[in-house]
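J.: My questions will all concern the structure given below.
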Amino acid sequence: MTSATCALATSAVSRSVEPVGQHFLAHARRKRHSRTFSEDERLEAEKNVKNVEEVEEEEAEEPESAELLKSDPKDWKKQDHYAVLGLSKYRYRANDAQIKKAHRKKVLKHHPDKKAALSGNVNDDAFFKCIAKAFEILSDPVKRRQYDSVDEGADVPEPSKKSKDFYKAWGRFFEAEGRFSNRQPVPKLGGDDAPKNEVDQFYDFFYNFDSWRTFEYLDKDLPDDTDSRDQRRYQEKKNKAERAQRKKEDNARLRAKTDEALSLDPRYKRFKEEEKAAKAKAKWDREAGAREAAEKARLEKEAADKKAADEAAASAANKAESKAAKEAAKKNARKDKKTIKAALKDCNYFFAGANDAPIDVVDKTLSEIESLMEQLEGTKLSEFAKELTAAGGDKNKLQSAFASKGVPSAA
């Protein structure tokens with residue numbers, strides 16, 4: 001021993017040791033009661049069986065299949081820990097109190113001491129070890145999360161395009177996927193009456209899903225040989241790469257299912273129709289001023305056209321009436337002139353002799369009468385004709401009437 005080693009060495013210390021632990025207590029019990037090993041184990045097993053009692057009313061116990069009871073504790077990674085504890089219907093929803101309670105019941109039911117008392121086989125503890133492993137995993141928050149990440153028993157069947165009830169099938173699917181979300185609470189799919197903003201928020205949540213899901217539980221065990229450091233590092237690196245690949249595939253799977261759900265969601269068809277109707281209404285409202293102006297211009301044009309048409313019709317009617325009046329006036333004038341000339345003839349053109357008036361007298365008298373008729377247009381001409389007609393052919397009256405109009409020959 002070198003001087004340095006001697007310098008580091010410490011002197012011996014006297015310590016008192018107190019025996020503790022279940023094995024010491026068993027030894028003390030055997031010594032006290034003078035029992036052999038087999039006798040003590042048998043009596044303790046009988047005692048444990050008698051102490052098993054239900055302290056409270058429980059739910060109906062989950063049935064245990066023969067296959068479950070034959071689980072190999074060495075193959076614990078493949079065992080269903082929730083089924084081992086009778087919590088299959090709760091799984092990730094089970095709380096700590098339920099896990100502890102279920103573990104206590106299973107321990108009391110499958111304790112090796114009880115089985116030894118019933119069957120006499122003290123080595124029948126395989127399922128009891130499975131129970132212990134299940135409790136170890138599920139009572140540790142980190143280990144439980146790792147197991148929950150790969151617990152296929154909690155998954156629900158992926159909906160298909162042929163699912164009859166869209167909301168029920170996809171609602172259950174997204175609820176199960178939501179258990180991996182770091183963000184809480186997880187929005188619900190909702191029903192047919194859900195507003196668009198809530199539906200958009202739901203799909204945005206799953207398109208940007210922040211998952212805590214890990215896959216460490218599926219890691220291959222690292223070699224225990226301390227001499228294989230390279231092999232250990234290689235396996236760690238391989239496990240890490242496989243976890244990353246599984247994470248990537250899981251994210252792609254969820255996104256693909258979200259795409260599928262969005263494409264099948266009947267609400268978006270309604271949303272598109274409502275959006276189209278809203279745009280049409282907005283366009284209609286925007287164009288209201290232009291539409292009113294166009295309608296006003298149309299009505300004004302119609303009114304102007306109607307006014308022009310009415311004026312044209314009135315003008316045409318006036319022209320026709322005027323024309324008819326003129327024609328009637330001309331006709332009456334011709335008639336009146338004819339009456340005047342007839343009366344003039346009855347007066348023999350104002351010739352004093354007994355014979356017919358000479359041509360020169362006739363021409364002169366007619367010339368005078370023409371001048372008179374030109375002066376007596378319209379009403380005066382008609383009144384004069386009536387006056388001559390009223391004379392009844394009396395030459396003196398006729399000549400007096402002509403004289404009153406200034407006909408020189410009549411004077």
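Identifiers for the structure tokens are assigned positionally: chains receive A, B, ... in sequence, residues are indexed from 1 per chain, and ligands are indexed from 1 in the order shown.
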Just the residues within 8 Å of Glu216 (chain A), please, counting only C-alpha atoms, with nothing from its chain fewer than 6 positions along; format it as a list in words.
T.: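 Using only C-alpha atoms, the neighbours found are Gln146, Asn239 and Arg243 of chain A.
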J.: Need to verify the contact set: Val362 (chain A), 9 Å, only C-alpha atoms, exclusion of same-chain residues closer than 4 positions in sequence. Can you return it as a list in words?
T.: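 These residues fall inside the cut-off: Lys345, Asn348, Tyr349, Phe350, Phe351, Ala357, Pro358, Leu366 and Ser367 of chain A.
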J.: Keeping only all heavy atoms, write those residues as an mmCIF file, in the first residue's frame.
T.:
data_model
loop_
_atom_site.group_PDB
_atom_site.id
_atom_site.type_symbol
_atom_site.label_atom_id
_atom_site.label_comp_id
_atom_site.auth_asym_id
_atom_site.auth_seq_id
_atom_site.Cartn_x
_atom_site.Cartn_y
_atom_site.Cartn_z
ATOM 1 N N LYS A 345 -128.413 86.062 -108.290
ATOM 2 C CA LYS A 345 -129.081 85.715 -109.553
ATOM 3 C C LYS A 345 -130.574 86.007 -109.458
ATOM 4 O O LYS A 345 -131.201 86.446 -110.439
ATOM 5 C CB LYS A 345 -128.843 84.243 -109.850
ATOM 6 C CG LYS A 345 -129.392 83.804 -111.201
ATOM 7 C CD LYS A 345 -129.071 82.337 -111.435
ATOM 8 C CE LYS A 345 -129.625 81.898 -112.803
ATOM 9 N NZ LYS A 345 -129.346 80.483 -113.054
ATOM 10 N N ASN A 348 -131.385 89.279 -110.318
ATOM 11 C CA ASN A 348 -131.033 89.559 -111.710
ATOM 12 C C ASN A 348 -129.881 90.530 -111.778
ATOM 13 O O ASN A 348 -129.831 91.422 -112.622
ATOM 14 C CB ASN A 348 -132.258 90.112 -112.481
ATOM 15 C CG ASN A 348 -132.030 90.050 -113.998
ATOM 16 O OD1 ASN A 348 -131.245 89.221 -114.492
ATOM 17 N ND2 ASN A 348 -132.716 90.946 -114.736
ATOM 18 N N TYR A 349 -129.003 90.279 -110.763
ATOM 19 C CA TYR A 349 -127.752 91.039 -110.729
ATOM 20 C C TYR A 349 -128.006 92.552 -110.618
ATOM 21 O O TYR A 349 -127.256 93.357 -111.154
ATOM 22 C CB TYR A 349 -126.865 90.706 -111.941
ATOM 23 C CG TYR A 349 -126.557 89.209 -112.042
ATOM 24 C CD1 TYR A 349 -127.263 88.410 -112.933
ATOM 25 C CD2 TYR A 349 -125.593 88.638 -111.205
ATOM 26 C CE1 TYR A 349 -126.999 87.038 -113.017
ATOM 27 C CE2 TYR A 349 -125.337 87.278 -111.310
ATOM 28 C CZ TYR A 349 -126.005 86.471 -112.178
ATOM 29 O OH TYR A 349 -125.751 85.146 -112.258
ATOM 30 N N PHE A 350 -129.135 92.843 -109.985
ATOM 31 C CA PHE A 350 -129.541 94.247 -109.744
ATOM 32 C C PHE A 350 -129.785 95.029 -111.049
ATOM 33 O O PHE A 350 -129.682 96.241 -111.092
ATOM 34 C CB PHE A 350 -128.475 94.992 -108.891
ATOM 35 C CG PHE A 350 -128.059 94.240 -107.652
ATOM 36 C CD1 PHE A 350 -126.732 93.906 -107.460
ATOM 37 C CD2 PHE A 350 -129.016 93.873 -106.698
ATOM 38 C CE1 PHE A 350 -126.336 93.233 -106.340
ATOM 39 C CE2 PHE A 350 -128.616 93.197 -105.597
ATOM 40 C CZ PHE A 350 -127.271 92.857 -105.392
ATOM 41 N N PHE A 351 -130.206 94.327 -112.093
ATOM 42 C CA PHE A 351 -130.497 95.002 -113.382
ATOM 43 C C PHE A 351 -131.931 95.484 -113.320
ATOM 44 O O PHE A 351 -132.837 94.738 -112.986
ATOM 45 C CB PHE A 351 -130.281 93.995 -114.527
ATOM 46 C CG PHE A 351 -130.493 94.611 -115.887
ATOM 47 C CD1 PHE A 351 -129.664 95.639 -116.335
ATOM 48 C CD2 PHE A 351 -131.546 94.170 -116.703
ATOM 49 C CE1 PHE A 351 -129.889 96.181 -117.601
ATOM 50 C CE2 PHE A 351 -131.733 94.731 -117.960
ATOM 51 C CZ PHE A 351 -130.886 95.737 -118.419
ATOM 52 N N ALA A 357 -130.032 90.357 -117.063
ATOM 53 C CA ALA A 357 -128.970 91.371 -117.000
ATOM 54 C C ALA A 357 -127.918 91.075 -118.051
ATOM 55 O O ALA A 357 -127.591 89.919 -118.327
ATOM 56 C CB ALA A 357 -128.332 91.369 -115.630
ATOM 57 N N PRO A 358 -127.443 92.151 -118.704
ATOM 58 C CA PRO A 358 -126.402 91.966 -119.732
ATOM 59 C C PRO A 358 -125.126 91.369 -119.071
ATOM 60 O O PRO A 358 -124.906 91.423 -117.876
ATOM 61 C CB PRO A 358 -126.146 93.377 -120.256
ATOM 62 C CG PRO A 358 -127.314 94.185 -119.803
ATOM 63 C CD PRO A 358 -127.857 93.561 -118.597
ATOM 64 N N LEU A 366 -120.838 90.501 -110.251
ATOM 65 C CA LEU A 366 -120.093 89.353 -109.650
ATOM 66 C C LEU A 366 -118.758 89.802 -109.094
ATOM 67 O O LEU A 366 -118.303 89.310 -108.067
ATOM 68 C CB LEU A 366 -119.885 88.253 -110.704
ATOM 69 C CG LEU A 366 -121.134 87.455 -111.099
ATOM 70 C CD1 LEU A 366 -120.831 86.485 -112.235
ATOM 71 C CD2 LEU A 366 -121.699 86.704 -109.899
ATOM 72 N N SER A 367 -118.117 90.737 -109.747
ATOM 73 C CA SER A 367 -116.834 91.259 -109.266
ATOM 74 C C SER A 367 -117.022 91.925 -107.917
ATOM 75 O O SER A 367 -116.212 91.754 -106.994
ATOM 76 C CB SER A 367 -116.249 92.220 -110.300
ATOM 77 O OG SER A 367 -115.057 92.772 -109.830
#
J.: Env of region 382-398 of chain A: 9 Å cut, atoms = only C-alpha atoms, seq-sep filter 5 positions within chain, self excluded. Answer as a VMD selection string.
T.: chain A and resid 332 to 333 335 to 340 343 to 344 346 to 348 350 376 to 377 403 405 410
J.: For the residues in that selection, give me N, CA, C and O atoms as a PDB file, in the first residue's frame.
T.:
ATOM      1  N   ASN A 332    -118.478  75.096 -95.968  1.00  0.00           N
ATOM      2  CA  ASN A 332    -119.544  76.058 -95.615  1.00  0.00           C
ATOM      3  C   ASN A 332    -119.404  77.348 -96.404  1.00  0.00           C
ATOM      4  O   ASN A 332    -120.410  77.962 -96.816  1.00  0.00           O
ATOM      5  N   ALA A 333    -118.147  77.775 -96.607  1.00  0.00           N
ATOM      6  CA  ALA A 333    -117.913  79.012 -97.374  1.00  0.00           C
ATOM      7  C   ALA A 333    -118.392  78.832 -98.797  1.00  0.00           C
ATOM      8  O   ALA A 333    -119.026  79.746 -99.378  1.00  0.00           O
ATOM      9  N   LYS A 335    -120.619  76.766 -99.760  1.00  0.00           N
ATOM     10  CA  LYS A 335    -122.080  76.707 -99.710  1.00  0.00           C
ATOM     11  C   LYS A 335    -122.681  78.102 -99.549  1.00  0.00           C
ATOM     12  O   LYS A 335    -123.675  78.456-100.220  1.00  0.00           O
ATOM     13  N   ASP A 336    -122.033  78.887 -98.646  1.00  0.00           N
ATOM     14  CA  ASP A 336    -122.533  80.245 -98.421  1.00  0.00           C
ATOM     15  C   ASP A 336    -122.360  81.095 -99.682  1.00  0.00           C
ATOM     16  O   ASP A 336    -123.249  81.901-100.042  1.00  0.00           O
ATOM     17  N   LYS A 337    -121.227  80.956-100.333  1.00  0.00           N
ATOM     18  CA  LYS A 337    -120.988  81.721-101.573  1.00  0.00           C
ATOM     19  C   LYS A 337    -121.983  81.322-102.658  1.00  0.00           C
ATOM     20  O   LYS A 337    -122.456  82.170-103.441  1.00  0.00           O
ATOM     21  N   LYS A 338    -122.266  80.015-102.635  1.00  0.00           N
ATOM     22  CA  LYS A 338    -123.248  79.550-103.626  1.00  0.00           C
ATOM     23  C   LYS A 338    -124.618  80.162-103.324  1.00  0.00           C
ATOM     24  O   LYS A 338    -125.365  80.563-104.261  1.00  0.00           O
ATOM     25  N   THR A 339    -124.927  80.215-102.024  1.00  0.00           N
ATOM     26  CA  THR A 339    -126.226  80.822-101.621  1.00  0.00           C
ATOM     27  C   THR A 339    -126.275  82.304-102.009  1.00  0.00           C
ATOM     28  O   THR A 339    -127.299  82.809-102.505  1.00  0.00           O
ATOM     29  N   ILE A 340    -125.116  82.992-101.774  1.00  0.00           N
ATOM     30  CA  ILE A 340    -125.057  84.436-102.094  1.00  0.00           C
ATOM     31  C   ILE A 340    -125.206  84.649-103.600  1.00  0.00           C
ATOM     32  O   ILE A 340    -125.940  85.549-104.065  1.00  0.00           O
ATOM     33  N   ALA A 343    -128.711  84.074-104.619  1.00  0.00           N
ATOM     34  CA  ALA A 343    -129.550  85.241-104.272  1.00  0.00           C
ATOM     35  C   ALA A 343    -129.284  86.380-105.244  1.00  0.00           C
ATOM     36  O   ALA A 343    -130.206  87.126-105.635  1.00  0.00           O
ATOM     37  N   LEU A 344    -128.016  86.527-105.665  1.00  0.00           N
ATOM     38  CA  LEU A 344    -127.641  87.568-106.621  1.00  0.00           C
ATOM     39  C   LEU A 344    -128.335  87.321-107.962  1.00  0.00           C
ATOM     40  O   LEU A 344    -128.812  88.251-108.635  1.00  0.00           O
ATOM     41  N   ASP A 346    -131.132  85.714-108.264  1.00  0.00           N
ATOM     42  CA  ASP A 346    -132.559  85.987-108.072  1.00  0.00           C
ATOM     43  C   ASP A 346    -132.849  87.499-108.218  1.00  0.00           C
ATOM     44  O   ASP A 346    -133.945  87.891-108.608  1.00  0.00           O
ATOM     45  N   CYS A 347    -131.880  88.313-107.921  1.00  0.00           N
ATOM     46  CA  CYS A 347    -132.042  89.766-108.031  1.00  0.00           C
ATOM     47  C   CYS A 347    -131.716  90.246-109.450  1.00  0.00           C
ATOM     48  O   CYS A 347    -131.760  91.447-109.735  1.00  0.00           O
ATOM     49  N   ASN A 348    -131.385  89.279-110.318  1.00  0.00           N
ATOM     50  CA  ASN A 348    -131.033  89.559-111.710  1.00  0.00           C
ATOM     51  C   ASN A 348    -129.881  90.530-111.778  1.00  0.00           C
ATOM     52  O   ASN A 348    -129.831  91.422-112.622  1.00  0.00           O
ATOM     53  N   PHE A 350    -129.135  92.843-109.985  1.00  0.00           N
ATOM     54  CA  PHE A 350    -129.541  94.247-109.744  1.00  0.00           C
ATOM     55  C   PHE A 350    -129.785  95.029-111.049  1.00  0.00           C
ATOM     56  O   PHE A 350    -129.682  96.241-111.092  1.00  0.00           O
ATOM     57  N   LEU A 376    -116.149  89.139 -96.208  1.00  0.00           N
ATOM     58  CA  LEU A 376    -117.029  88.451 -95.259  1.00  0.00           C
ATOM     59  C   LEU A 376    -116.599  86.982 -95.071  1.00  0.00           C
ATOM     60  O   LEU A 376    -117.315  86.047 -95.407  1.00  0.00           O
ATOM     61  N   GLU A 377    -115.428  86.759 -94.558  1.00  0.00           N
ATOM     62  CA  GLU A 377    -114.952  85.378 -94.337  1.00  0.00           C
ATOM     63  C   GLU A 377    -115.544  84.826 -93.041  1.00  0.00           C
ATOM     64  O   GLU A 377    -115.830  85.562 -92.099  1.00  0.00           O
ATOM     65  N   ALA A 403    -127.218  95.863-100.342  1.00  0.00           N
ATOM     66  CA  ALA A 403    -126.891  97.275-100.217  1.00  0.00           C
ATOM     67  C   ALA A 403    -126.312  97.571 -98.823  1.00  0.00           C
ATOM     68  O   ALA A 403    -125.426  98.400 -98.673  1.00  0.00           O
ATOM     69  N   LYS A 405    -124.425  95.765 -97.249  1.00  0.00           N
ATOM     70  CA  LYS A 405    -123.048  95.288 -97.207  1.00  0.00           C
ATOM     71  C   LYS A 405    -122.145  96.151 -98.107  1.00  0.00           C
ATOM     72  O   LYS A 405    -120.969  95.820 -98.265  1.00  0.00           O
ATOM     73  N   ALA A 410    -126.268  97.228-105.859  1.00  0.00           N
ATOM     74  CA  ALA A 410    -127.544  97.089-105.157  1.00  0.00           C
ATOM     75  C   ALA A 410    -128.083  98.450-104.746  1.00  0.00           C
ATOM     76  O   ALA A 410    -129.259  98.686-104.714  1.00  0.00           O
TER      77      ALA A 410
END
J.: Could you pull the residues within 12 Å of Lys106 (chain A), counting only C-alpha atoms, minus those fewer than 3 positions along the same chain, as a PyMOL selection string?
T.: chain A and resi 52+61-64+69+82-87+99-103+109-112+114+127-132+134-135
J.: Restricting the output to N, CA and C atoms, write the selected residues as a tab-separated table (two decimals), in the first residue's frame.
T.:
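Okay, again-v7.tsv is ready:
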chain	number	residue	atom	x	y	z
A	52	VAL	N	-59.38	-10.83	3.64
A	52	VAL	CA	-59.89	-10.22	2.39
A	52	VAL	C	-61.37	-9.92	2.57
A	61	GLU	N	-67.31	-6.43	-11.45
A	61	GLU	CA	-65.90	-6.62	-11.79
A	61	GLU	C	-65.75	-7.01	-13.25
A	62	GLU	N	-64.74	-6.46	-13.89
A	62	GLU	CA	-64.47	-6.75	-15.29
A	62	GLU	C	-64.03	-8.21	-15.43
A	63	PRO	N	-64.64	-8.96	-16.34
A	63	PRO	CA	-64.26	-10.38	-16.49
A	63	PRO	C	-62.80	-10.53	-16.93
A	64	GLU	N	-62.17	-11.57	-16.46
A	64	GLU	CA	-60.77	-11.86	-16.80
A	64	GLU	C	-60.74	-13.09	-17.71
A	69	LEU	N	-55.18	-14.16	-17.97
A	69	LEU	CA	-54.62	-14.75	-16.76
A	69	LEU	C	-53.34	-15.52	-17.04
A	82	TYR	N	-54.26	-1.83	-18.58
A	82	TYR	CA	-55.59	-1.46	-18.10
A	82	TYR	C	-56.46	-2.69	-17.93
A	83	ALA	N	-56.35	-3.65	-18.84
A	83	ALA	CA	-57.13	-4.88	-18.71
A	83	ALA	C	-56.67	-5.68	-17.51
A	84	VAL	N	-55.37	-5.70	-17.24
A	84	VAL	CA	-54.85	-6.43	-16.08
A	84	VAL	C	-55.45	-5.90	-14.79
A	85	LEU	N	-55.62	-4.57	-14.69
A	85	LEU	CA	-56.21	-3.97	-13.49
A	85	LEU	C	-57.73	-3.86	-13.56
A	86	GLY	N	-58.33	-4.34	-14.67
A	86	GLY	CA	-59.79	-4.27	-14.80
A	86	GLY	C	-60.31	-2.89	-15.11
A	87	LEU	N	-59.52	-2.09	-15.82
A	87	LEU	CA	-59.90	-0.71	-16.15
A	87	LEU	C	-60.03	-0.50	-17.66
A	99	ILE	N	-57.14	3.86	-10.20
A	99	ILE	CA	-56.02	2.94	-10.42
A	99	ILE	C	-55.61	2.27	-9.10
A	100	LYS	N	-55.51	3.06	-8.04
A	100	LYS	CA	-55.13	2.50	-6.74
A	100	LYS	C	-56.18	1.52	-6.23
A	101	LYS	N	-57.42	1.88	-6.40
A	101	LYS	CA	-58.52	1.03	-5.95
A	101	LYS	C	-58.54	-0.29	-6.72
A	102	ALA	N	-58.36	-0.20	-8.05
A	102	ALA	CA	-58.35	-1.40	-8.87
A	102	ALA	C	-57.15	-2.28	-8.53
A	103	HIS	N	-56.02	-1.65	-8.27
A	103	HIS	CA	-54.82	-2.42	-7.91
A	103	HIS	C	-55.03	-3.17	-6.59
A	109	LYS	N	-57.28	-10.27	-4.74
A	109	LYS	CA	-57.85	-11.41	-5.45
A	109	LYS	C	-56.78	-12.40	-5.90
A	110	HIS	N	-55.66	-11.88	-6.36
A	110	HIS	CA	-54.65	-12.75	-6.97
A	110	HIS	C	-53.36	-12.85	-6.14
A	111	HIS	N	-53.42	-12.50	-4.86
A	111	HIS	CA	-52.23	-12.58	-4.02
A	111	HIS	C	-51.74	-14.03	-3.96
A	112	PRO	N	-50.45	-14.23	-4.10
A	112	PRO	CA	-49.91	-15.61	-4.07
A	112	PRO	C	-50.28	-16.37	-2.81
A	114	LYS	N	-53.05	-16.23	-1.19
A	114	LYS	CA	-54.41	-16.74	-1.34
A	114	LYS	C	-54.42	-17.95	-2.26
A	127	PHE	N	-49.38	-13.97	-12.70
A	127	PHE	CA	-50.33	-12.88	-12.95
A	127	PHE	C	-50.19	-11.79	-11.89
A	128	PHE	N	-49.81	-12.18	-10.69
A	128	PHE	CA	-49.59	-11.19	-9.64
A	128	PHE	C	-48.45	-10.25	-10.04
A	129	LYS	N	-47.44	-10.78	-10.69
A	129	LYS	CA	-46.35	-9.94	-11.18
A	129	LYS	C	-46.82	-9.01	-12.30
A	130	CYS	N	-47.75	-9.52	-13.11
A	130	CYS	CA	-48.34	-8.66	-14.17
A	130	CYS	C	-49.10	-7.50	-13.54
A	131	ILE	N	-49.80	-7.81	-12.43
A	131	ILE	CA	-50.54	-6.75	-11.73
A	131	ILE	C	-49.58	-5.71	-11.18
A	132	ALA	N	-48.51	-6.17	-10.61
A	132	ALA	CA	-47.53	-5.24	-10.05
A	132	ALA	C	-46.92	-4.37	-11.15
A	134	ALA	N	-48.30	-3.60	-14.06
A	134	ALA	CA	-49.34	-2.69	-14.55
A	134	ALA	C	-49.47	-1.49	-13.62
A	135	PHE	N	-49.45	-1.76	-12.32
A	135	PHE	CA	-49.57	-0.66	-11.35
A	135	PHE	C	-48.33	0.23	-11.40
J.: Which residues are close to Ala26 (chain A), i.e. within 12 Å by only C-alpha atoms, leaving aside same-chain residues fewer than 4 positions away? Reply as an MDAnalysis selection string.
T.: chainID A and resid 19:22 30:41 43:44
J.: Pick out the closest residue to Ala241 (chain A) from this set: A:Asp221, A:Phe215, A:Asp259, A:Ile369. Count only C-alpha atoms.
T.: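 Among A:Asp221, A:Phe215, A:Asp259, A:Ile369, it is A:Phe215 that comes nearest to Ala241 (chain A).
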J.: Residues near Glu242 (chain A), anyone? I mean within 12 Å using only C-alpha atoms, not counting same-chain ones fewer than 6 positions away, as a PyMOL selection string.
T.: chain A and resi 214-220+235-236+248-249
J.: Now that the selection is made, can you save its residues with N, CA and C atoms as a short mmCIF file (atom, residue, chain, number, x, y, z; two decimals), in the first residue's frame?
T.:
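Result went into result20.cif, see below:
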data_model
loop_
_atom_site.label_atom_id
_atom_site.label_comp_id
_atom_site.auth_asym_id
_atom_site.auth_seq_id
_atom_site.Cartn_x
_atom_site.Cartn_y
_atom_site.Cartn_z
N THR A 214 -45.75 10.30 -27.55
CA THR A 214 -44.38 9.82 -27.71
C THR A 214 -44.41 8.31 -27.95
N PHE A 215 -43.32 7.77 -28.37
CA PHE A 215 -43.28 6.35 -28.69
C PHE A 215 -42.11 5.64 -27.99
N GLU A 216 -41.68 6.19 -26.83
CA GLU A 216 -40.60 5.55 -26.08
C GLU A 216 -40.96 4.14 -25.64
N TYR A 217 -42.25 3.90 -25.41
CA TYR A 217 -42.68 2.60 -24.92
C TYR A 217 -42.30 1.48 -25.88
N LEU A 218 -42.21 1.82 -27.18
CA LEU A 218 -41.88 0.83 -28.20
C LEU A 218 -40.38 0.69 -28.43
N ASP A 219 -39.58 1.46 -27.67
CA ASP A 219 -38.13 1.35 -27.83
C ASP A 219 -37.66 -0.08 -27.53
N LYS A 220 -36.67 -0.49 -28.27
CA LYS A 220 -36.05 -1.78 -27.99
C LYS A 220 -35.13 -1.61 -26.79
N GLN A 235 -28.04 1.50 -30.35
CA GLN A 235 -29.45 1.21 -30.11
C GLN A 235 -30.21 2.45 -29.66
N GLU A 236 -29.59 3.29 -28.85
CA GLU A 236 -30.23 4.55 -28.44
C GLU A 236 -30.52 5.43 -29.64
N LYS A 248 -43.68 11.35 -37.01
CA LYS A 248 -43.95 11.96 -38.32
C LYS A 248 -45.12 11.25 -39.00
N GLU A 249 -45.12 9.94 -38.97
CA GLU A 249 -46.20 9.17 -39.60
C GLU A 249 -47.53 9.41 -38.89
#
J.: Within 7 Å of region 262-274 of chain A, counting only C-alpha atoms, which residues show up once you throw out same-chain ones fewer than 3 positions away? Write them as number ranges by chain, please.
T.: A: 192, 196, 258-259, 277-278
J.: Please save all heavy atoms of the selected residues as an mmCIF file, in the first residue's frame.
T.:
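Listing of selection01.cif after writing:
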data_model
loop_
_atom_site.group_PDB
_atom_site.id
_atom_site.type_symbol
_atom_site.label_atom_id
_atom_site.label_comp_id
_atom_site.auth_asym_id
_atom_site.auth_seq_id
_atom_site.Cartn_x
_atom_site.Cartn_y
_atom_site.Cartn_z
ATOM 1 N N ASP A 192 -74.958 19.716 -36.560
ATOM 2 C CA ASP A 192 -75.318 20.365 -37.818
ATOM 3 C C ASP A 192 -75.617 21.846 -37.636
ATOM 4 O O ASP A 192 -75.535 22.618 -38.586
ATOM 5 C CB ASP A 192 -76.548 19.662 -38.417
ATOM 6 C CG ASP A 192 -76.803 20.093 -39.849
ATOM 7 O OD1 ASP A 192 -75.912 19.890 -40.691
ATOM 8 O OD2 ASP A 192 -77.893 20.643 -40.123
ATOM 9 N N LYS A 196 -70.270 28.678 -38.327
ATOM 10 C CA LYS A 196 -69.069 28.497 -39.143
ATOM 11 C C LYS A 196 -67.790 28.799 -38.372
ATOM 12 O O LYS A 196 -66.781 28.100 -38.535
ATOM 13 C CB LYS A 196 -69.144 29.381 -40.399
ATOM 14 C CG LYS A 196 -68.010 29.130 -41.393
ATOM 15 C CD LYS A 196 -68.200 29.963 -42.648
ATOM 16 C CE LYS A 196 -67.143 29.618 -43.696
ATOM 17 N NZ LYS A 196 -65.776 29.850 -43.233
ATOM 18 N N THR A 258 -58.028 14.470 -40.983
ATOM 19 C CA THR A 258 -58.674 15.790 -40.863
ATOM 20 C C THR A 258 -59.098 16.294 -42.237
ATOM 21 O O THR A 258 -60.196 16.851 -42.395
ATOM 22 C CB THR A 258 -57.713 16.794 -40.199
ATOM 23 O OG1 THR A 258 -57.269 16.272 -38.945
ATOM 24 C CG2 THR A 258 -58.400 18.130 -39.964
ATOM 25 N N ASP A 259 -58.243 16.093 -43.239
ATOM 26 C CA ASP A 259 -58.603 16.461 -44.611
ATOM 27 C C ASP A 259 -59.853 15.713 -45.061
ATOM 28 O O ASP A 259 -60.761 16.297 -45.679
ATOM 29 C CB ASP A 259 -57.448 16.133 -45.573
ATOM 30 C CG ASP A 259 -56.294 17.111 -45.445
ATOM 31 O OD1 ASP A 259 -56.524 18.242 -44.977
ATOM 32 O OD2 ASP A 259 -55.163 16.753 -45.821
ATOM 33 N N ALA A 277 -74.979 33.257 -51.139
ATOM 34 C CA ALA A 277 -76.167 34.102 -50.996
ATOM 35 C C ALA A 277 -75.802 35.455 -50.387
ATOM 36 O O ALA A 277 -76.324 36.496 -50.794
ATOM 37 C CB ALA A 277 -77.209 33.391 -50.136
ATOM 38 N N ALA A 278 -74.878 35.446 -49.415
ATOM 39 C CA ALA A 278 -74.456 36.698 -48.773
ATOM 40 C C ALA A 278 -73.736 37.606 -49.768
ATOM 41 O O ALA A 278 -73.941 38.823 -49.777
ATOM 42 C CB ALA A 278 -73.546 36.391 -47.585
#
J.: Residues of region 5-178 of chain A in alpha helix (DSSP H) according to DSSP, as a VMD selection string?
T.: chain A and resid 5 to 8 22 to 33 37 to 51 66 to 69 81 to 84 96 to 110 112 to 119 126 to 138 141 to 149 166 to 177
J.: Do you have the CA of Lys74 (chain A)-CA of Leu222 (chain A) distance handy?
T.: 15.7 Å
J.: CA of Asn251 (chain A) to CA of Lys77 (chain A): how many Å, to one decimal?
T.: 23.8 Å
